[in-house]
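Everything below belongs to run_14.pdb, which stores PDB, C-alpha atoms.
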```pdb
ATOM      1  CA  MET A   1      11.941  87.461  12.799
ATOM      2  CA  PHE A   2      10.967  89.008   9.467
ATOM      3  CA  PRO A   3      12.025  92.450   8.197
ATOM      4  CA  ASP A   4       9.706  95.165   9.525
ATOM      5  CA  LEU A   5       7.349  96.359   6.774
ATOM      6  CA  LEU A   6       5.248  98.669   8.922
ATOM      7  CA  PRO A   7       6.891 102.032   8.104
ATOM      8  CA  ALA A   8       6.487 101.507   4.363
ATOM      9  CA  LEU A   9       2.910 100.265   4.695
ATOM     10  CA  ARG A  10       1.832 103.105   6.962
ATOM     11  CA  GLU A  11       3.282 105.614   4.517
ATOM     12  CA  LYS A  12       1.134 104.122   1.745
ATOM     13  CA  MET A  13      -1.986 104.001   3.939
ATOM     14  CA  PRO A  14      -2.131 107.100   6.131
ATOM     15  CA  THR A  15      -5.833 106.754   7.000
ATOM     16  CA  LEU A  16      -5.817 103.052   7.854
ATOM     17  CA  ARG A  17      -7.929 102.495  10.981
ATOM     18  CA  GLY A  18      -7.296  98.847  11.829
ATOM     19  CA  ARG A  19      -4.540  97.358  13.976
ATOM     20  CA  LEU A  20      -1.261  96.742  12.136
ATOM     21  CA  THR A  21       1.610  94.972  13.938
ATOM     22  CA  ALA A  22       4.958  93.462  12.959
ATOM     23  CA  ASN A  23       6.198  89.954  13.787
ATOM     24  CA  GLU A  24       3.017  89.075  15.666
ATOM     25  CA  PRO A  25       3.202  85.617  17.346
ATOM     26  CA  LEU A  26       0.639  83.249  15.827
ATOM     27  CA  ALA A  27       1.046  80.168  18.040
ATOM     28  CA  PRO A  28      -1.148  81.590  20.860
ATOM     29  CA  ILE A  29      -4.118  82.037  18.514
ATOM     30  CA  THR A  30      -4.006  78.643  16.792
ATOM     31  CA  TRP A  31      -5.599  75.547  18.269
ATOM     32  CA  PHE A  32      -2.401  73.518  17.926
ATOM     33  CA  ARG A  33      -0.468  76.298  19.729
ATOM     34  CA  VAL A  34       2.466  75.998  17.323
ATOM     35  CA  GLY A  35       4.124  78.059  14.620
ATOM     36  CA  GLY A  36       6.148  81.181  13.995
ATOM     37  CA  PRO A  37       5.064  84.831  13.679
ATOM     38  CA  ALA A  38       3.187  86.782  11.035
ATOM     39  CA  GLN A  39       5.482  89.236   9.280
ATOM     40  CA  VAL A  40       2.572  91.697   9.421
ATOM     41  CA  MET A  41      -0.722  91.134  11.231
ATOM     42  CA  PHE A  42      -3.688  93.269  10.201
ATOM     43  CA  VAL A  43      -7.017  93.389  12.039
ATOM     44  CA  PRO A  44      -9.258  95.670   9.959
ATOM     45  CA  ALA A  45     -11.803  97.936  11.604
ATOM     46  CA  ASP A  46     -14.510  97.024   9.090
ATOM     47  CA  GLU A  47     -15.060  96.068   5.457
ATOM     48  CA  ASP A  48     -14.156  99.529   4.152
ATOM     49  CA  ASP A  49     -10.876  99.457   6.093
ATOM     50  CA  LEU A  50     -10.097  96.004   4.687
ATOM     51  CA  ALA A  51     -10.760  97.194   1.139
ATOM     52  CA  TYR A  52      -8.612 100.298   1.711
ATOM     53  CA  LEU A  53      -5.595  98.186   2.672
ATOM     54  CA  LEU A  54      -6.014  95.578  -0.067
ATOM     55  CA  ALA A  55      -6.269  98.251  -2.762
ATOM     56  CA  ARG A  56      -2.944  99.738  -1.652
ATOM     57  CA  LEU A  57      -0.827  96.680  -0.855
ATOM     58  CA  PRO A  58       2.095  95.991  -3.193
ATOM     59  CA  ALA A  59       1.015  93.293  -5.645
ATOM     60  CA  ASP A  60       3.968  91.051  -4.758
ATOM     61  CA  LEU A  61       3.230  91.014  -1.019
ATOM     62  CA  PRO A  62       1.447  87.775  -0.064
ATOM     63  CA  VAL A  63      -1.797  87.916   1.902
ATOM     64  CA  THR A  64      -2.966  85.064   4.133
ATOM     65  CA  MET A  65      -6.341  84.823   5.853
ATOM     66  CA  LEU A  66      -6.515  83.489   9.420
ATOM     67  CA  GLY A  67      -9.825  82.667  11.081
ATOM     68  CA  LEU A  68     -10.192  81.102  14.512
ATOM     69  CA  GLY A  69      -7.009  79.080  13.966
ATOM     70  CA  SER A  70      -8.736  75.708  14.273
ATOM     71  CA  ASN A  71      -8.219  73.939  10.942
ATOM     72  CA  LEU A  72      -4.638  75.110  10.590
ATOM     73  CA  ILE A  73      -0.936  74.370  10.981
ATOM     74  CA  VAL A  74       1.291  77.459  11.022
ATOM     75  CA  ARG A  75       4.816  76.327  10.166
ATOM     76  CA  ASP A  76       7.649  77.132  12.566
ATOM     77  CA  GLY A  77       9.266  79.746  10.310
ATOM     78  CA  GLY A  78       6.150  81.914  10.389
ATOM     79  CA  VAL A  79       4.076  83.484   7.629
ATOM     80  CA  PRO A  80       5.642  86.078   5.291
ATOM     81  CA  GLY A  81       3.610  89.010   4.045
ATOM     82  CA  VAL A  82       0.342  90.152   5.599
ATOM     83  CA  VAL A  83      -1.838  87.909   7.737
ATOM     84  CA  MET A  84      -5.444  89.083   8.026
ATOM     85  CA  ARG A  85      -7.595  88.359  11.042
ATOM     86  CA  LEU A  86     -11.144  89.701  11.204
ATOM     87  CA  GLY A  87     -12.495  90.944  14.516
ATOM     88  CA  ARG A  88     -15.361  92.960  15.966
ATOM     89  CA  GLY A  89     -16.192  94.709  12.714
ATOM     90  CA  PHE A  90     -17.159  91.333  11.253
ATOM     91  CA  SER A  91     -18.982  89.812  14.228
ATOM     92  CA  GLU A  92     -22.578  90.900  13.718
ATOM     93  CA  ILE A  93     -25.474  88.426  13.431
ATOM     94  CA  THR A  94     -28.919  89.491  12.222
ATOM     95  CA  VAL A  95     -32.117  87.525  11.726
ATOM     96  CA  GLU A  96     -33.817  88.424   8.438
ATOM     97  CA  PRO A  97     -37.315  87.698   7.094
ATOM     98  CA  GLY A  98     -37.943  84.328   5.493
ATOM     99  CA  HIS A  99     -36.024  82.316   8.114
ATOM    100  CA  ARG A 100     -32.669  83.704   7.126
ATOM    101  CA  ILE A 101     -29.537  84.530   9.133
ATOM    102  CA  ARG A 102     -26.860  87.013   8.054
ATOM    103  CA  ALA A 103     -23.531  86.668   9.848
ATOM    104  CA  GLY A 104     -20.133  88.299   9.688
ATOM    105  CA  THR A 105     -17.301  85.936   8.886
ATOM    106  CA  ALA A 106     -15.602  86.382  12.266
ATOM    107  CA  VAL A 107     -18.650  84.841  13.966
ATOM    108  CA  PRO A 108     -17.939  81.362  15.409
ATOM    109  CA  ASP A 109     -20.055  78.686  13.728
ATOM    110  CA  VAL A 110     -21.470  77.596  17.073
ATOM    111  CA  LYS A 111     -22.629  81.150  17.818
ATOM    112  CA  MET A 112     -24.463  81.377  14.516
ATOM    113  CA  ALA A 113     -26.094  78.002  15.136
ATOM    114  CA  ARG A 114     -27.281  79.207  18.532
ATOM    115  CA  ALA A 115     -28.694  82.440  17.067
ATOM    116  CA  ALA A 116     -30.654  80.430  14.514
ATOM    117  CA  GLN A 117     -31.958  78.103  17.218
ATOM    118  CA  GLU A 118     -33.145  80.990  19.380
ATOM    119  CA  ALA A 119     -34.930  82.489  16.349
ATOM    120  CA  GLY A 120     -36.683  79.197  15.552
ATOM    121  CA  ILE A 121     -34.711  78.662  12.352
ATOM    122  CA  ALA A 122     -34.021  75.006  11.569
ATOM    123  CA  GLY A 123     -31.478  73.591   9.134
ATOM    124  CA  LEU A 124     -28.390  75.302  10.567
ATOM    125  CA  ALA A 125     -27.858  73.165  13.686
ATOM    126  CA  PHE A 126     -25.027  71.227  12.006
ATOM    127  CA  PHE A 127     -22.832  74.328  12.358
ATOM    128  CA  ARG A 128     -22.685  73.435  16.070
ATOM    129  CA  GLY A 129     -20.323  70.634  15.114
ATOM    130  CA  ILE A 130     -17.862  72.759  13.108
ATOM    131  CA  PRO A 131     -15.006  74.147  15.245
ATOM    132  CA  GLY A 132     -14.344  77.324  13.333
ATOM    133  CA  SER A 133     -15.753  80.597  12.050
ATOM    134  CA  VAL A 134     -18.292  81.455   9.369
ATOM    135  CA  GLY A 135     -15.431  82.578   7.124
ATOM    136  CA  GLY A 136     -13.722  79.220   7.436
ATOM    137  CA  ALA A 137     -16.974  77.406   6.689
ATOM    138  CA  LEU A 138     -17.384  79.463   3.520
ATOM    139  CA  ARG A 139     -13.836  78.850   2.366
ATOM    140  CA  MET A 140     -13.814  75.095   3.152
ATOM    141  CA  ASN A 141     -17.477  74.265   2.475
ATOM    142  CA  GLY A 142     -17.519  73.269   6.129
ATOM    143  CA  GLY A 143     -19.849  70.482   7.112
ATOM    144  CA  ALA A 144     -20.727  68.098   9.912
ATOM    145  CA  TYR A 145     -23.479  65.744  11.024
ATOM    146  CA  GLY A 146     -25.211  65.526   7.667
ATOM    147  CA  GLY A 147     -25.073  69.191   6.635
ATOM    148  CA  GLU A 148     -22.735  71.287   4.502
ATOM    149  CA  THR A 149     -22.365  75.018   3.963
ATOM    150  CA  LYS A 150     -23.345  74.668   0.299
ATOM    151  CA  ASP A 151     -26.750  73.305   1.365
ATOM    152  CA  VAL A 152     -27.805  76.489   3.193
ATOM    153  CA  LEU A 153     -25.800  79.379   1.740
ATOM    154  CA  VAL A 154     -27.723  82.053  -0.175
ATOM    155  CA  GLU A 155     -24.815  84.389  -0.881
ATOM    156  CA  ALA A 156     -21.433  85.459   0.436
ATOM    157  CA  ARG A 157     -19.845  88.891   0.381
ATOM    158  CA  GLY A 158     -16.124  89.508   0.130
ATOM    159  CA  VAL A 159     -13.280  91.807  -0.888
ATOM    160  CA  ASP A 160     -10.809  90.827  -3.604
ATOM    161  CA  ARG A 161      -7.096  91.626  -3.769
ATOM    162  CA  GLN A 162      -7.776  94.822  -5.722
ATOM    163  CA  GLY A 163     -10.024  96.104  -2.915
ATOM    164  CA  HIS A 164     -13.299  95.550  -4.783
ATOM    165  CA  VAL A 165     -16.337  94.398  -2.796
ATOM    166  CA  ARG A 166     -18.022  91.448  -4.504
ATOM    167  CA  VAL A 167     -21.113  89.350  -3.850
ATOM    168  CA  PHE A 168     -21.167  85.642  -4.710
ATOM    169  CA  ALA A 169     -24.418  83.732  -5.109
ATOM    170  CA  ASN A 170     -24.336  80.077  -4.055
ATOM    171  CA  PRO A 171     -23.547  78.776  -7.584
ATOM    172  CA  ASP A 172     -20.678  81.282  -7.859
ATOM    173  CA  MET A 173     -18.916  79.558  -4.965
ATOM    174  CA  ASN A 174     -18.304  76.431  -7.098
ATOM    175  CA  TYR A 175     -18.516  74.202  -4.072
ATOM    176  CA  SER A 176     -17.341  70.616  -3.834
ATOM    177  CA  TYR A 177     -16.362  68.430  -0.876
ATOM    178  CA  ARG A 178     -14.396  70.657   1.555
ATOM    179  CA  HIS A 179     -13.555  73.031  -1.266
ATOM    180  CA  CYS A 180     -14.628  76.460  -2.501
ATOM    181  CA  GLY A 181     -13.837  77.535  -6.057
ATOM    182  CA  VAL A 182     -13.697  81.277  -5.380
ATOM    183  CA  ALA A 183     -10.211  82.741  -5.859
ATOM    184  CA  GLU A 184      -8.052  82.395  -2.746
ATOM    185  CA  ASP A 185      -7.318  86.119  -2.680
ATOM    186  CA  VAL A 186     -10.964  86.949  -1.907
ATOM    187  CA  ILE A 187     -11.528  87.604   1.804
ATOM    188  CA  PHE A 188     -15.115  86.848   2.770
ATOM    189  CA  THR A 189     -16.718  89.386   5.077
ATOM    190  CA  SER A 190     -20.310  88.191   5.599
ATOM    191  CA  ALA A 191     -22.803  85.587   4.433
ATOM    192  CA  LEU A 192     -26.543  85.005   4.221
ATOM    193  CA  PHE A 193     -27.945  81.593   5.136
ATOM    194  CA  GLN A 194     -31.359  80.078   4.460
ATOM    195  CA  GLY A 195     -33.114  77.982   7.078
ATOM    196  CA  THR A 196     -36.626  76.634   7.558
ATOM    197  CA  PRO A 197     -39.264  77.136  10.280
ATOM    198  CA  GLY A 198     -38.460  75.121  13.390
ATOM    199  CA  ASP A 199     -39.213  74.691  17.065
ATOM    200  CA  PRO A 200     -36.467  76.221  19.234
ATOM    201  CA  ALA A 201     -36.669  73.387  21.787
ATOM    202  CA  GLU A 202     -36.312  70.692  19.125
ATOM    203  CA  ILE A 203     -33.404  72.507  17.491
ATOM    204  CA  ALA A 204     -31.713  72.896  20.886
ATOM    205  CA  ALA A 205     -32.111  69.164  21.527
ATOM    206  CA  ALA A 206     -30.504  68.375  18.173
ATOM    207  CA  MET A 207     -27.591  70.680  18.974
ATOM    208  CA  ASP A 208     -27.153  69.037  22.372
ATOM    209  CA  LYS A 209     -26.862  65.648  20.653
ATOM    210  CA  ILE A 210     -24.145  67.039  18.382
ATOM    211  CA  THR A 211     -22.284  68.363  21.424
ATOM    212  CA  GLU A 212     -22.551  65.007  23.213
ATOM    213  CA  SER A 213     -21.360  63.143  20.132
ATOM    214  CA  ARG A 214     -18.332  65.389  19.690
ATOM    215  CA  GLU A 215     -17.339  65.092  23.336
ATOM    216  CA  ALA A 216     -17.630  61.294  23.217
ATOM    217  CA  THR A 217     -15.785  60.694  19.945
ATOM    218  CA  GLN A 218     -13.338  63.569  19.376
ATOM    219  CA  PRO A 219     -10.362  64.891  21.408
ATOM    220  CA  ILE A 220     -11.915  68.359  21.654
ATOM    221  CA  LYS A 221     -10.173  69.158  24.949
ATOM    222  CA  SER A 222      -6.727  68.532  23.449
ATOM    223  CA  ARG A 223      -4.580  70.850  21.357
ATOM    224  CA  THR A 224      -5.815  69.699  17.975
ATOM    225  CA  GLY A 225      -6.747  71.145  14.613
ATOM    226  CA  GLY A 226      -9.906  69.160  14.002
ATOM    227  CA  SER A 227     -10.332  66.597  11.249
ATOM    228  CA  THR A 228      -6.932  66.183   9.579
ATOM    229  CA  PHE A 229      -7.643  64.441   6.277
ATOM    230  CA  LYS A 230     -10.564  64.497   3.864
ATOM    231  CA  ASN A 231     -12.642  61.359   3.580
ATOM    232  CA  PRO A 232     -11.844  59.631   0.266
ATOM    233  CA  PRO A 233     -14.925  58.883  -1.881
ATOM    234  CA  GLY A 234     -16.906  56.088  -0.262
ATOM    235  CA  GLN A 235     -14.434  55.635   2.594
ATOM    236  CA  LYS A 236     -13.621  57.008   6.040
ATOM    237  CA  ALA A 237     -10.170  58.470   6.607
ATOM    238  CA  TRP A 238     -10.079  57.336  10.238
ATOM    239  CA  GLN A 239     -10.713  53.701   9.244
ATOM    240  CA  LEU A 240      -7.862  53.755   6.744
ATOM    241  CA  ILE A 241      -5.558  55.323   9.336
ATOM    242  CA  ASP A 242      -6.543  52.762  11.940
ATOM    243  CA  ALA A 243      -6.038  49.878   9.510
ATOM    244  CA  ALA A 244      -2.558  51.236   8.727
ATOM    245  CA  GLY A 245      -1.645  50.883  12.412
ATOM    246  CA  CYS A 246      -1.351  54.622  13.034
ATOM    247  CA  ARG A 247      -3.647  55.028  16.035
ATOM    248  CA  GLY A 248      -1.489  56.526  18.805
ATOM    249  CA  LEU A 249       1.519  57.021  16.497
ATOM    250  CA  VAL A 250       3.975  59.632  17.835
ATOM    251  CA  VAL A 251       6.465  62.004  16.191
ATOM    252  CA  GLY A 252       8.228  64.290  18.666
ATOM    253  CA  ASP A 253       5.445  65.516  20.923
ATOM    254  CA  ALA A 254       2.734  65.145  18.280
ATOM    255  CA  GLN A 255       0.437  62.141  18.343
ATOM    256  CA  VAL A 256      -2.368  60.547  16.362
ATOM    257  CA  SER A 257      -5.317  60.647  18.742
ATOM    258  CA  GLU A 258      -6.204  57.381  20.450
ATOM    259  CA  LEU A 259      -9.838  58.529  20.609
ATOM    260  CA  HIS A 260     -10.275  59.476  16.944
ATOM    261  CA  CYS A 261      -7.365  58.724  14.649
ATOM    262  CA  ASN A 262      -8.232  61.348  12.042
ATOM    263  CA  PHE A 263      -7.205  63.910  14.668
ATOM    264  CA  LEU A 264      -3.611  64.890  15.425
ATOM    265  CA  ILE A 265      -2.828  66.355  18.829
ATOM    266  CA  ASN A 266      -0.064  68.403  20.401
ATOM    267  CA  ARG A 267       0.765  66.681  23.677
ATOM    268  CA  GLY A 268       2.337  69.877  24.970
ATOM    269  CA  ASN A 269       5.666  70.638  23.337
ATOM    270  CA  ALA A 270       5.203  69.654  19.701
ATOM    271  CA  THR A 271       6.516  71.853  16.926
ATOM    272  CA  ALA A 272       4.644  72.494  13.712
ATOM    273  CA  ALA A 273       7.252  70.299  12.021
ATOM    274  CA  ASP A 274       6.402  67.440  14.409
ATOM    275  CA  ILE A 275       2.708  67.689  13.533
ATOM    276  CA  GLU A 276       3.208  67.987   9.787
ATOM    277  CA  THR A 277       5.770  65.169   9.743
ATOM    278  CA  LEU A 278       3.349  62.985  11.674
ATOM    279  CA  GLY A 279       0.618  63.750   9.147
ATOM    280  CA  GLU A 280       2.874  62.909   6.218
ATOM    281  CA  THR A 281       3.917  59.681   7.943
ATOM    282  CA  VAL A 282       0.263  58.725   8.294
ATOM    283  CA  ARG A 283      -0.353  59.524   4.619
ATOM    284  CA  ARG A 284       2.581  57.343   3.573
ATOM    285  CA  ARG A 285       1.507  54.378   5.702
ATOM    286  CA  VAL A 286      -2.085  54.576   4.471
ATOM    287  CA  LYS A 287      -0.843  54.660   0.882
ATOM    288  CA  GLU A 288       1.368  51.626   1.525
ATOM    289  CA  THR A 289      -1.368  49.557   3.185
ATOM    290  CA  SER A 290      -4.468  50.514   1.206
ATOM    291  CA  GLY A 291      -3.303  52.225  -1.964
ATOM    292  CA  VAL A 292      -5.361  55.289  -0.986
ATOM    293  CA  GLU A 293      -3.691  58.697  -0.965
ATOM    294  CA  LEU A 294      -5.199  60.871   1.758
ATOM    295  CA  ASP A 295      -5.599  64.588   1.096
ATOM    296  CA  TRP A 296      -5.012  67.106   3.856
ATOM    297  CA  GLU A 297      -8.124  68.842   5.152
ATOM    298  CA  ILE A 298      -6.140  70.969   7.592
ATOM    299  CA  LYS A 299      -4.520  73.972   5.909
ATOM    300  CA  ARG A 300      -0.754  74.373   6.271
ATOM    301  CA  ILE A 301       0.672  77.867   5.871
ATOM    302  CA  GLY A 302       3.997  79.597   6.297
ATOM    303  CA  VAL A 303       7.611  78.578   5.841
ATOM    304  CA  ASP A 304      10.009  76.169   7.496
ATOM    305  CA  PRO A 305      12.753  77.774   9.624
TER     306      PRO A 305
END
```
Can you dump the structure from the file as C-alpha cells?
Amino acid sequence: MFPDLLPALREKMPTLRGRLTANEPLAPITWFRVGGPAQVMFVPADEDDLAYLLARLPADLPVTMLGLGSNLIVRDGGVPGVVMRLGRGFSEITVEPGHRIRAGTAVPDVKMARAAQEAGIAGLAFFRGIPGSVGGALRMNGGAYGGETKDVLVEARGVDRQGHVRVFANPDMNYSYRHCGVAEDVIFTSALFQGTPGDPAEIAAAMDKITESREATQPIKSRTGGSTFKNPPGQKAWQLIDAAGCRGLVVGDAQVSELHCNFLINRGNATAADIETLGETVRRRVKETSGVELDWEIKRIGVDP
C-alpha cells in the first residue's frame, strides 16, 4: 500500500468533480488480471475537470495514463503517483460531414469501427482488430489488418501536464511504427478520423472477416495483453519466437501462447513478474538464436514489490 495522498490533493483542488480514490486495485481492470494498486486513481468528469487537476498537481508527482488495460503489464508493486482513467465524459462518438468520425478517447476501437460502418464510412474497419481504446490507438499508432491510426487521423485533442488543452494535426503526432512522438505527459481526450464513402453491408462483411481471423489465430479468450513484441523491420516477431523454441514456454503460471507465440497468457495465477520474466526470457532466446533484439510492444508500468 502507498501513502494516502488524497487529503493533500483535495485541499489543493476543492472543486474537483471526478472520482479520486487511494490505493485502487488495478489487476481487475487489466486484461492480464495482474499487478498492484494505483497510489491515486482519478476518473475525471470531463476535459475541463482533467485540465483542472493537471494544472494543480505537484510537478514531482508522476502521472500515468490507463486505457482499457489491454496492451499493458502493471507490475506487482503497483503504480506510484496518479493513474488516470477516462470514463463517460470521454465516450461520445459523432458522425461529421465529409465521412468523418469524432470519438472520445475512452471509446473502444471496436465501437468506433461499428459506428463508422453503420454510417457508411469505409477505411476504419481495421480498428475492429485492435483490442483497446481510441486513446491507446493514438498513443501507440495502433494498427491491424493493413491499416494504422496514422493513415486515417485528422487531428487529436489533448491536455498537457500544465493543464493546457492542445490540438495536434496528424503531422504533429510524429508517428512511426507503434509509436507516437507527442510528449508522454499529454493525455489525449478526443480525435477526428477521416474515412471514405462505403457500403455498410460490405464494411460489415470486412469486419466479420477480421473477427473470424482473430478468433482463429489469437488467444482472445485467454488472459492476455495482445501482441507482445513489435515486428522487427521485414520480419515477424512470432516467427522468430517460434524458431527460438519458445512456443508454449512457461514461467510460473505465465505461458507463451501455443496458438500465437507473440502472445503471452496468464493461465490463472501468474504474477506480473512471471509475465515480464517470461517476456524477457523470450527476448534473450530470440537474440541468441537469430541475433534480433525484440522490442516490447506491451507497455510495462509500475514498480516491483
So which residues touch Glu202 of chain A within 10 Å, counting all atoms listed in the file, skipping near sequence neighbours fewer than 5 positions away, as a list in words?
Gln117, Gly120, Ala122, Met207 and Asp208 of chain A
Write out as a tab-separated table (two decimals) with C-alpha atoms, in the frame of the given file the residues lying within 9 Å of segment 294-302 of chain A, counting all atoms listed in the file and excluding same-chain residues fewer than 3 positions away.
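Generated output (selection_4.tsv):
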```tsv
chain	number	residue	atom	x	y	z
A	35	GLY	CA	4.12	78.06	14.62
A	36	GLY	CA	6.15	81.18	14.00
A	38	ALA	CA	3.19	86.78	11.04
A	64	THR	CA	-2.97	85.06	4.13
A	70	SER	CA	-8.74	75.71	14.27
A	71	ASN	CA	-8.22	73.94	10.94
A	72	LEU	CA	-4.64	75.11	10.59
A	73	ILE	CA	-0.94	74.37	10.98
A	74	VAL	CA	1.29	77.46	11.02
A	75	ARG	CA	4.82	76.33	10.17
A	76	ASP	CA	7.65	77.13	12.57
A	77	GLY	CA	9.27	79.75	10.31
A	78	GLY	CA	6.15	81.91	10.39
A	79	VAL	CA	4.08	83.48	7.63
A	80	PRO	CA	5.64	86.08	5.29
A	140	MET	CA	-13.81	75.10	3.15
A	178	ARG	CA	-14.40	70.66	1.56
A	225	GLY	CA	-6.75	71.14	14.61
A	226	GLY	CA	-9.91	69.16	14.00
A	227	SER	CA	-10.33	66.60	11.25
A	228	THR	CA	-6.93	66.18	9.58
A	229	PHE	CA	-7.64	64.44	6.28
A	230	LYS	CA	-10.56	64.50	3.86
A	231	ASN	CA	-12.64	61.36	3.58
A	232	PRO	CA	-11.84	59.63	0.27
A	237	ALA	CA	-10.17	58.47	6.61
A	276	GLU	CA	3.21	67.99	9.79
A	279	GLY	CA	0.62	63.75	9.15
A	282	VAL	CA	0.26	58.72	8.29
A	283	ARG	CA	-0.35	59.52	4.62
A	284	ARG	CA	2.58	57.34	3.57
A	286	VAL	CA	-2.08	54.58	4.47
A	287	LYS	CA	-0.84	54.66	0.88
```
Just say which residues the PyMOL selection byres ((chain A and resi 285) around 12) picks in this file, as a PDB file with C-alpha atoms, in the coordinates of the input.
```pdb
ATOM      1  CA  LEU A 240      -7.862  53.755   6.744  1.00  0.00           C
ATOM      2  CA  ILE A 241      -5.558  55.323   9.336  1.00  0.00           C
ATOM      3  CA  ASP A 242      -6.543  52.762  11.940  1.00  0.00           C
ATOM      4  CA  ALA A 243      -6.038  49.878   9.510  1.00  0.00           C
ATOM      5  CA  ALA A 244      -2.558  51.236   8.727  1.00  0.00           C
ATOM      6  CA  GLY A 245      -1.645  50.883  12.412  1.00  0.00           C
ATOM      7  CA  CYS A 246      -1.351  54.622  13.034  1.00  0.00           C
ATOM      8  CA  ARG A 247      -3.647  55.028  16.035  1.00  0.00           C
ATOM      9  CA  LEU A 249       1.519  57.021  16.497  1.00  0.00           C
ATOM     10  CA  LEU A 278       3.349  62.985  11.674  1.00  0.00           C
ATOM     11  CA  GLY A 279       0.618  63.750   9.147  1.00  0.00           C
ATOM     12  CA  GLU A 280       2.874  62.909   6.218  1.00  0.00           C
ATOM     13  CA  THR A 281       3.917  59.681   7.943  1.00  0.00           C
ATOM     14  CA  VAL A 282       0.263  58.725   8.294  1.00  0.00           C
ATOM     15  CA  ARG A 283      -0.353  59.524   4.619  1.00  0.00           C
ATOM     16  CA  ARG A 284       2.581  57.343   3.573  1.00  0.00           C
ATOM     17  CA  VAL A 286      -2.085  54.576   4.471  1.00  0.00           C
ATOM     18  CA  LYS A 287      -0.843  54.660   0.882  1.00  0.00           C
ATOM     19  CA  GLU A 288       1.368  51.626   1.525  1.00  0.00           C
ATOM     20  CA  THR A 289      -1.368  49.557   3.185  1.00  0.00           C
ATOM     21  CA  SER A 290      -4.468  50.514   1.206  1.00  0.00           C
ATOM     22  CA  GLY A 291      -3.303  52.225  -1.964  1.00  0.00           C
ATOM     23  CA  VAL A 292      -5.361  55.289  -0.986  1.00  0.00           C
ATOM     24  CA  GLU A 293      -3.691  58.697  -0.965  1.00  0.00           C
ATOM     25  CA  LEU A 294      -5.199  60.871   1.758  1.00  0.00           C
TER      26      LEU A 294
END
```
In Å, how far is it from atom CA of Ile93 of chain A to atom CA of Ala116 of chain A?
9.6 Å
Polymer residues at most 6 Å from Leu26 of chain A, all atoms listed in the file, same-chain spacing of 2 or more positions, as a PyMOL selection string:
chain A and resi 28-29+37
Atomic distance atom CA of Asp274 of chain A - atom CA of Leu66 of chain A, expressed in Å with one decimal:
21.2 Å
One decimal, in Å: what's the spacing between atom CA of Gly158 of chain A and atom CA of Pro25 of chain A?
26.2 Å
Counting all atoms listed in the file, which residues sit no farther than 12 Å from the position (-21.3, 81.2, -7.8) in the file's frame? I'd like them as a PDB file with C-alpha atoms, in the frame of the given file.
```
ATOM      1  CA  LYS A 150     -23.345  74.668   0.299  1.00  0.00           C
ATOM      2  CA  LEU A 153     -25.800  79.379   1.740  1.00  0.00           C
ATOM      3  CA  VAL A 154     -27.723  82.053  -0.175  1.00  0.00           C
ATOM      4  CA  GLU A 155     -24.815  84.389  -0.881  1.00  0.00           C
ATOM      5  CA  ALA A 156     -21.433  85.459   0.436  1.00  0.00           C
ATOM      6  CA  ARG A 157     -19.845  88.891   0.381  1.00  0.00           C
ATOM      7  CA  ARG A 166     -18.022  91.448  -4.504  1.00  0.00           C
ATOM      8  CA  VAL A 167     -21.113  89.350  -3.850  1.00  0.00           C
ATOM      9  CA  PHE A 168     -21.167  85.642  -4.710  1.00  0.00           C
ATOM     10  CA  ALA A 169     -24.418  83.732  -5.109  1.00  0.00           C
ATOM     11  CA  ASN A 170     -24.336  80.077  -4.055  1.00  0.00           C
ATOM     12  CA  PRO A 171     -23.547  78.776  -7.584  1.00  0.00           C
ATOM     13  CA  ASP A 172     -20.678  81.282  -7.859  1.00  0.00           C
ATOM     14  CA  MET A 173     -18.916  79.558  -4.965  1.00  0.00           C
ATOM     15  CA  ASN A 174     -18.304  76.431  -7.098  1.00  0.00           C
ATOM     16  CA  TYR A 175     -18.516  74.202  -4.072  1.00  0.00           C
ATOM     17  CA  SER A 176     -17.341  70.616  -3.834  1.00  0.00           C
ATOM     18  CA  CYS A 180     -14.628  76.460  -2.501  1.00  0.00           C
ATOM     19  CA  GLY A 181     -13.837  77.535  -6.057  1.00  0.00           C
ATOM     20  CA  VAL A 182     -13.697  81.277  -5.380  1.00  0.00           C
ATOM     21  CA  ALA A 183     -10.211  82.741  -5.859  1.00  0.00           C
TER      22      ALA A 183
END
```
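Proximity to Gly69 of chain A was assessed for A:Met41, A:Val34, A:Leu53, A:Ile101 counting all atoms listed in the file; the smallest distance is recorded for A:Val34.
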Can you give me, as a list of chain:residue names, the residues this file yields under the PyMOL selection byres ((chain A and resi 138) around 8)?
A:Val134, A:Gly135, A:Gly136, A:Ala137, A:Arg139, A:Met140, A:Asn141, A:Gly142, A:Thr149, A:Ala156, A:Cys180, A:Phe188
From the list A:Ala216, A:Ala273, A:Ile187, A:Gln194, the nearest residue to Val63 of chain A using all atoms listed in the file is A:Ile187
Surrounding residues of Ser222 of chain A excluding itself and chain neighbours under 2 positions, 8 Å, all atoms listed in the file, as a PyMOL selection string
chain A and resi 219-220+224+265-267
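Here the question is which of A:Leu264, A:Val250, A:Ile210, A:Ile121 gets nearest to Thr196 of chain A using all atoms listed in the file, and that residue is A:Ile121.
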Given the file shown, enumerate the residues that the PyMOL selection byres ((chain A and resi 10) around 12) captures and present them as a tab-separated table (two decimals) with C-alpha atoms, in the coordinates of the input.
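The resulting part-v4.tsv:
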```
chain	number	residue	atom	x	y	z
A	4	ASP	CA	9.71	95.16	9.52
A	5	LEU	CA	7.35	96.36	6.77
A	6	LEU	CA	5.25	98.67	8.92
A	7	PRO	CA	6.89	102.03	8.10
A	8	ALA	CA	6.49	101.51	4.36
A	9	LEU	CA	2.91	100.26	4.70
A	11	GLU	CA	3.28	105.61	4.52
A	12	LYS	CA	1.13	104.12	1.74
A	13	MET	CA	-1.99	104.00	3.94
A	14	PRO	CA	-2.13	107.10	6.13
A	15	THR	CA	-5.83	106.75	7.00
A	16	LEU	CA	-5.82	103.05	7.85
A	17	ARG	CA	-7.93	102.50	10.98
A	18	GLY	CA	-7.30	98.85	11.83
A	19	ARG	CA	-4.54	97.36	13.98
A	20	LEU	CA	-1.26	96.74	12.14
A	21	THR	CA	1.61	94.97	13.94
A	22	ALA	CA	4.96	93.46	12.96
A	40	VAL	CA	2.57	91.70	9.42
A	42	PHE	CA	-3.69	93.27	10.20
A	53	LEU	CA	-5.60	98.19	2.67
A	56	ARG	CA	-2.94	99.74	-1.65
A	57	LEU	CA	-0.83	96.68	-0.86
```
